[in-house]
Amino acid sequence: MDMLVGFIQSIPLDLVLIQTVNGVVTGMILALVASGLTFIFGIMDVVNFAHGELFMLGAYIGVVVFALSGNFWLALITSSLMVALLGAALQILTLRPLIGRDPLNTILVTFGISLILQNYALWQFGPVARKISEPITSHFNLFYLEYPWYRLVIAGLSAALIGLFWLFLKHSKFGVWIRATTQDRVMAQAMGIPVPWVYTGVFAIGAALAAASGVLFAPLAGVTHTMGLDWVLKAFIVVVVGGMGSLGGSIAAAIFISLLEAYASIWVSPAQAVIVSFVVLILTLLFRPTGLFVPTPK
Amino acid sequence: MTTAPLDKPMSLKRAGLSHNAIFWGGFCVVMALLIVAPLVLPEFWRRFLTEVLIWGLLAMSSDLLIGYTGMISFGHSAFFGLGMYGAAAALLAFSPPNLWLAIGLGLAGAGCAALFVAYFSTRLRDIYFAITTLIFSQIFYVVIFTWTPVTGGENGLIFSRPRLWIPFLYDARFSSATMHWFVLAVVAGSYLMLRRITQSPFGMVLQSIRENEARTRAIGYPVQLYKIVSVMLSGVFAGLAGVLYAIQNEFAAPDFVYFITSGDTVIFNVMGGIGTLVGPIVGAGFFQLIRELLSRLFGDQFPYLIPLGVVFIVMIIFLPQGLLGFARRWLNR
């Protein structure tokens, strides 16, 4: 008991608050990545193994455009558009021939794509990490720290993008097509919806979301060719913990896991803090394999 | 149609007889070639062949899951790595280093890891199984990478090779030829065991899980138990490959527990042909040959995984059965 009290008293409150803010910021980026992943999966039944590489490639394109133009927002938009085009091309070339085959084939093909993209990035940009300087340089005081406004702007932007995406699904014509295709592919086709192009569009949108989060993340840490695997793993964990194919569940799980990792890294190194999210995954699989943040299935 | 009853039993019988003869004849020819190989090949290709056999064993172990049980594992690096570190532990802890102790400890390590992974990941199916095996292998990677006092962390462990000691028969240092023969014996033995397993009643249940899991469960088989056992079997053979690799190269490194090893394993399987057991070995050879060829043509810095990735994708789309897929039924008979 004394140990517990001693432990609680030893928790540095200011650090906990700072880590809460940090956790929410990375959680929002993770939510953006995971929502693209779960969106592609929910509609196309495709597990996009290359999602992390699209994130990485988006960040690299952001770095290049930023170096050329010096404008962060231009880099964000260009990178999203280019990766969306790349995603559409990849879907037409590799995933469209697999429609109607065992979905396990799609995980193999996207794994192949991730290999190619990752090695291309290594070949093109080299193993040294690249960085974008922050677009908003002002700080505010958080205890003894000068906390950059930019991090809060990222969190807000990610939330705004997810909100826009949700509105798009609910109210636009293409969004209605997407939802109709999810419900009944054959019926949607009979009603004149171009289903193969809906799939292409869905993949392109998912890719654009990944690229946008990549550019948003780039100023926080260096861009390397191996960052894709870390992020796709985290996104997979989020998708499983949040409940498969559930957008809201993914967002909640992303913030939950990022907060836990941020708190854990007060005591252990960030590399070891990853284990916390693994433990959350194991516990979820043991006690609630349908996901933590979805209603109990009937 | 009227002649069919006359013709059919004859031709079937003839095919059945010759099938056995051709299969074992072919097996003996391939074995003979592989036995002679180290005597005629230069040192580089001898080593190349030995490593292809080891990677082939790893790929073959995962074929038990992919090809026969219908579960794609993206986490075989964990079993391979645990075999490696288990062998390393045995070789470092006991002096003089003992070969069989290394194998035993490696297999035990891989088996425990496989039980742990199987217990959780078999609760999920299809794609989620693949993802959870990947995440679990990453757990092992993080633990091995960060637990420096025990595993050597980033630098891994270095040890000396044990003597090739067969009780009452043979006791000498490993030469590169005896190393090759030892690896060949282990891989061939594993192939025969895995082939026997897939043809046993147990293997039949695994294949029926692949074909129709719900029906298998409805008949009354405890599907999850069968899956756990098949993941464990697969993990133990993958661990064996890890032990061989550790003994051949005299080190254990965290890189081999990383996801890339698992990814390669899946590529070997798809290229060679899943569900054939020998296919993955052929796939491993094919992959390593192309890689070697590319690095000779374009230099060491050439990103060989880009063209290999393209080949991989093209094969999934146009040749999903892999190189040996055409012989799948015949090989499994």
# chains A, B, ... in the order shown; residues from 1 in each chain; ligands from 1

$ interface_residues --of "chain B" --to "chain A" --cutoff "7 Å" --atoms "only C-alpha atoms" --output "PyMOL selection string"
chain B and resi 120+127+135+139+303+305-306+309+312-313+316-317

$ write_last_selection --atoms "C-alpha atoms" --output "compact mmCIF listing (two decimals), in the first residue's frame"
# COMPACT_ATOMS: atom_id res chain seq x y z
CA PHE B 120 -4.23 -15.48 -29.18
CA ILE B 127 -6.83 -11.29 -42.65
CA ILE B 135 1.97 -7.69 -34.57
CA ILE B 139 6.47 -7.79 -29.95
CA PRO B 303 17.36 -1.97 -54.96
CA LEU B 305 13.42 -5.69 -54.14
CA ILE B 306 11.77 -3.32 -56.64
CA GLY B 309 8.27 -6.94 -55.95
CA PHE B 312 5.79 -11.03 -57.07
CA ILE B 313 2.72 -8.93 -57.92
CA ILE B 316 -0.10 -13.24 -57.83
CA ILE B 317 -2.28 -11.84 -60.60

$ select_by_dssp --residues "range 23-105 of chain A" --states "helix (DSSP H, G or I)" --output "short mmCIF file (atom, residue, chain, number, x, y, z; two decimals) with N, CA and C atoms, in the first residue's frame"
data_model
loop_
_atom_site.label_atom_id
_atom_site.label_comp_id
_atom_site.auth_asym_id
_atom_site.auth_seq_id
_atom_site.Cartn_x
_atom_site.Cartn_y
_atom_site.Cartn_z
N GLY A 23 -0.13 13.02 -26.54
CA GLY A 23 -0.87 11.81 -26.90
C GLY A 23 -2.05 12.13 -27.79
N VAL A 24 -2.76 13.21 -27.47
CA VAL A 24 -3.93 13.57 -28.29
C VAL A 24 -3.46 13.98 -29.70
N VAL A 25 -2.33 14.69 -29.78
CA VAL A 25 -1.85 15.14 -31.09
C VAL A 25 -1.50 13.94 -31.97
N THR A 26 -0.65 13.02 -31.44
CA THR A 26 -0.31 11.85 -32.27
C THR A 26 -1.54 10.99 -32.48
N GLY A 27 -2.43 10.95 -31.49
CA GLY A 27 -3.65 10.16 -31.63
C GLY A 27 -4.50 10.65 -32.79
N MET A 28 -4.57 11.96 -32.99
CA MET A 28 -5.38 12.48 -34.10
C MET A 28 -4.76 12.11 -35.45
N ILE A 29 -3.41 12.18 -35.55
CA ILE A 29 -2.78 11.77 -36.81
C ILE A 29 -3.02 10.29 -37.07
N LEU A 30 -2.85 9.49 -35.99
CA LEU A 30 -3.07 8.06 -36.11
C LEU A 30 -4.51 7.78 -36.53
N ALA A 31 -5.44 8.56 -35.98
CA ALA A 31 -6.85 8.37 -36.34
C ALA A 31 -7.07 8.62 -37.82
N LEU A 32 -6.37 9.62 -38.35
CA LEU A 32 -6.50 9.93 -39.77
C LEU A 32 -5.97 8.77 -40.62
N VAL A 33 -4.80 8.22 -40.21
CA VAL A 33 -4.25 7.07 -40.94
C VAL A 33 -5.20 5.89 -40.86
N ALA A 34 -5.64 5.60 -39.63
CA ALA A 34 -6.46 4.41 -39.42
C ALA A 34 -7.81 4.54 -40.10
N SER A 35 -8.35 5.77 -40.18
CA SER A 35 -9.66 5.89 -40.82
C SER A 35 -9.56 5.60 -42.31
N GLY A 36 -8.44 5.97 -42.94
CA GLY A 36 -8.24 5.59 -44.34
C GLY A 36 -8.18 4.09 -44.50
N LEU A 37 -7.45 3.45 -43.57
CA LEU A 37 -7.28 1.99 -43.63
C LEU A 37 -8.62 1.28 -43.45
N THR A 38 -9.36 1.70 -42.44
CA THR A 38 -10.62 1.00 -42.13
C THR A 38 -11.67 1.31 -43.19
N PHE A 39 -11.57 2.50 -43.81
CA PHE A 39 -12.48 2.88 -44.89
C PHE A 39 -12.26 1.96 -46.10
N ILE A 40 -11.01 1.78 -46.50
CA ILE A 40 -10.70 0.90 -47.63
C ILE A 40 -11.13 -0.53 -47.31
N PHE A 41 -10.88 -0.95 -46.07
CA PHE A 41 -11.24 -2.32 -45.74
C PHE A 41 -12.75 -2.50 -45.70
N GLY A 42 -13.43 -1.57 -45.06
CA GLY A 42 -14.88 -1.71 -44.88
C GLY A 42 -15.61 -1.76 -46.21
N ILE A 43 -15.11 -1.04 -47.22
CA ILE A 43 -15.84 -0.96 -48.48
C ILE A 43 -15.33 -1.96 -49.50
N MET A 44 -14.00 -2.14 -49.58
CA MET A 44 -13.48 -3.01 -50.63
C MET A 44 -13.06 -4.37 -50.15
N HIS A 51 -0.55 0.85 -46.83
CA HIS A 51 -1.03 2.12 -46.31
C HIS A 51 0.09 2.93 -45.65
N GLY A 52 0.93 2.24 -44.88
CA GLY A 52 2.04 2.92 -44.24
C GLY A 52 3.01 3.51 -45.25
N GLU A 53 3.19 2.81 -46.38
CA GLU A 53 4.11 3.30 -47.40
C GLU A 53 3.51 4.51 -48.12
N LEU A 54 2.16 4.54 -48.27
CA LEU A 54 1.54 5.72 -48.86
C LEU A 54 1.72 6.92 -47.93
N PHE A 55 1.61 6.66 -46.63
CA PHE A 55 1.88 7.68 -45.60
C PHE A 55 3.31 8.20 -45.76
N MET A 56 4.26 7.25 -45.87
CA MET A 56 5.68 7.60 -45.97
C MET A 56 5.93 8.39 -47.27
N LEU A 57 5.35 7.89 -48.37
CA LEU A 57 5.56 8.54 -49.66
C LEU A 57 4.96 9.95 -49.64
N GLY A 58 3.78 10.07 -49.02
CA GLY A 58 3.16 11.38 -48.89
C GLY A 58 4.08 12.35 -48.17
N ALA A 59 4.71 11.85 -47.08
CA ALA A 59 5.62 12.70 -46.32
C ALA A 59 6.81 13.12 -47.18
N TYR A 60 7.36 12.17 -47.97
CA TYR A 60 8.51 12.49 -48.82
C TYR A 60 8.14 13.52 -49.90
N ILE A 61 6.96 13.32 -50.53
CA ILE A 61 6.55 14.29 -51.55
C ILE A 61 6.39 15.66 -50.90
N GLY A 62 5.83 15.64 -49.68
CA GLY A 62 5.71 16.89 -48.93
C GLY A 62 7.07 17.54 -48.74
N VAL A 63 8.08 16.75 -48.36
CA VAL A 63 9.43 17.28 -48.15
C VAL A 63 9.95 17.92 -49.44
N VAL A 64 9.75 17.21 -50.57
CA VAL A 64 10.29 17.71 -51.84
C VAL A 64 9.60 19.00 -52.25
N VAL A 65 8.24 19.00 -52.20
CA VAL A 65 7.50 20.19 -52.63
C VAL A 65 7.81 21.36 -51.70
N PHE A 66 7.97 21.06 -50.41
CA PHE A 66 8.28 22.12 -49.45
C PHE A 66 9.67 22.70 -49.74
N ALA A 67 10.60 21.83 -50.09
CA ALA A 67 11.94 22.31 -50.42
C ALA A 67 11.93 23.20 -51.67
N LEU A 68 11.05 22.87 -52.62
CA LEU A 68 10.98 23.64 -53.86
C LEU A 68 10.26 24.96 -53.66
N SER A 69 9.09 24.91 -52.96
CA SER A 69 8.23 26.09 -52.91
C SER A 69 8.32 26.84 -51.59
N PHE A 72 4.19 25.28 -46.92
CA PHE A 72 3.76 24.02 -46.32
C PHE A 72 2.39 23.59 -46.83
N TRP A 73 1.47 24.55 -46.96
CA TRP A 73 0.09 24.17 -47.32
C TRP A 73 0.03 23.68 -48.75
N LEU A 74 0.86 24.29 -49.62
CA LEU A 74 0.97 23.80 -51.00
C LEU A 74 1.49 22.36 -51.00
N ALA A 75 2.50 22.10 -50.15
CA ALA A 75 3.07 20.75 -50.05
C ALA A 75 1.99 19.76 -49.62
N LEU A 76 1.17 20.18 -48.64
CA LEU A 76 0.11 19.29 -48.13
C LEU A 76 -0.85 18.92 -49.25
N ILE A 77 -1.30 19.92 -50.02
CA ILE A 77 -2.30 19.66 -51.05
C ILE A 77 -1.70 18.87 -52.21
N THR A 78 -0.51 19.30 -52.69
CA THR A 78 0.12 18.59 -53.82
C THR A 78 0.36 17.13 -53.47
N SER A 79 0.89 16.91 -52.27
CA SER A 79 1.22 15.54 -51.87
C SER A 79 -0.03 14.68 -51.83
N SER A 80 -1.12 15.21 -51.26
CA SER A 80 -2.36 14.42 -51.19
C SER A 80 -2.86 14.08 -52.58
N LEU A 81 -2.84 15.08 -53.49
CA LEU A 81 -3.34 14.83 -54.85
C LEU A 81 -2.48 13.80 -55.57
N MET A 82 -1.14 13.96 -55.45
CA MET A 82 -0.27 13.03 -56.17
C MET A 82 -0.43 11.61 -55.66
N VAL A 83 -0.49 11.46 -54.34
CA VAL A 83 -0.62 10.10 -53.80
C VAL A 83 -2.00 9.53 -54.13
N ALA A 84 -3.02 10.40 -54.20
CA ALA A 84 -4.34 9.92 -54.60
C ALA A 84 -4.29 9.36 -56.02
N LEU A 85 -3.61 10.08 -56.92
CA LEU A 85 -3.46 9.60 -58.30
C LEU A 85 -2.70 8.27 -58.33
N LEU A 86 -1.60 8.23 -57.55
CA LEU A 86 -0.82 6.99 -57.47
C LEU A 86 -1.70 5.84 -56.97
N GLY A 87 -2.49 6.13 -55.92
CA GLY A 87 -3.38 5.10 -55.37
C GLY A 87 -4.36 4.60 -56.42
N ALA A 88 -4.94 5.54 -57.19
CA ALA A 88 -5.89 5.13 -58.22
C ALA A 88 -5.20 4.24 -59.24
N ALA A 89 -3.98 4.63 -59.65
CA ALA A 89 -3.25 3.82 -60.63
C ALA A 89 -2.96 2.43 -60.08
N LEU A 90 -2.53 2.39 -58.81
CA LEU A 90 -2.21 1.09 -58.20
C LEU A 90 -3.44 0.21 -58.13
N GLN A 91 -4.58 0.83 -57.78
CA GLN A 91 -5.82 0.04 -57.67
C GLN A 91 -6.18 -0.54 -59.02
N ILE A 92 -6.11 0.29 -60.08
CA ILE A 92 -6.50 -0.19 -61.41
C ILE A 92 -5.56 -1.30 -61.87
N LEU A 93 -4.26 -1.12 -61.62
CA LEU A 93 -3.28 -2.08 -62.14
C LEU A 93 -3.27 -3.39 -61.37
N THR A 94 -3.34 -3.29 -60.03
CA THR A 94 -3.08 -4.51 -59.25
C THR A 94 -4.30 -5.06 -58.53
N LEU A 95 -5.19 -4.19 -58.05
CA LEU A 95 -6.28 -4.73 -57.24
C LEU A 95 -7.51 -5.06 -58.07
N ARG A 96 -7.71 -4.31 -59.17
CA ARG A 96 -8.91 -4.58 -59.96
C ARG A 96 -8.93 -5.99 -60.54
N PRO A 97 -7.78 -6.52 -61.01
CA PRO A 97 -7.82 -7.90 -61.52
C PRO A 97 -8.19 -8.93 -60.45
N LEU A 98 -8.08 -8.53 -59.17
CA LEU A 98 -8.31 -9.51 -58.09
C LEU A 98 -9.72 -9.49 -57.54
N LEU A 104 -7.57 -12.79 -49.34
CA LEU A 104 -6.19 -12.92 -48.87
C LEU A 104 -5.19 -12.53 -49.97
N ASN A 105 -5.62 -12.67 -51.25
CA ASN A 105 -4.74 -12.26 -52.33
C ASN A 105 -4.44 -10.77 -52.26
#

$ select_by_dssp --residues "range 118-217 of chain B" --states "strand (DSSP E)" --output "VMD selection string"
chain B and resid 157 to 158 164 to 166 170 to 172

$ closest_residue --among "B:Met84, B:Leu134, B:Ile274, B:Ala108" --to "Gly70 in chain B" --atoms "only C-alpha atoms"
B:Ile274

$ residues_around --residues "Phe140 in chain B" --least-positions-apart "6" --cutoff "10 Å" --atoms "only C-alpha atoms" --output "PyMOL selection string"
(chain A and resi 275) or (chain B and resi 75+77-79+81-82+113+254+257-258)

$ closest_residue --among "B:Ala32, B:Leu65, B:Leu107, B:Val266" --to "Tyr226 in chain B" --atoms "only C-alpha atoms"
B:Leu65
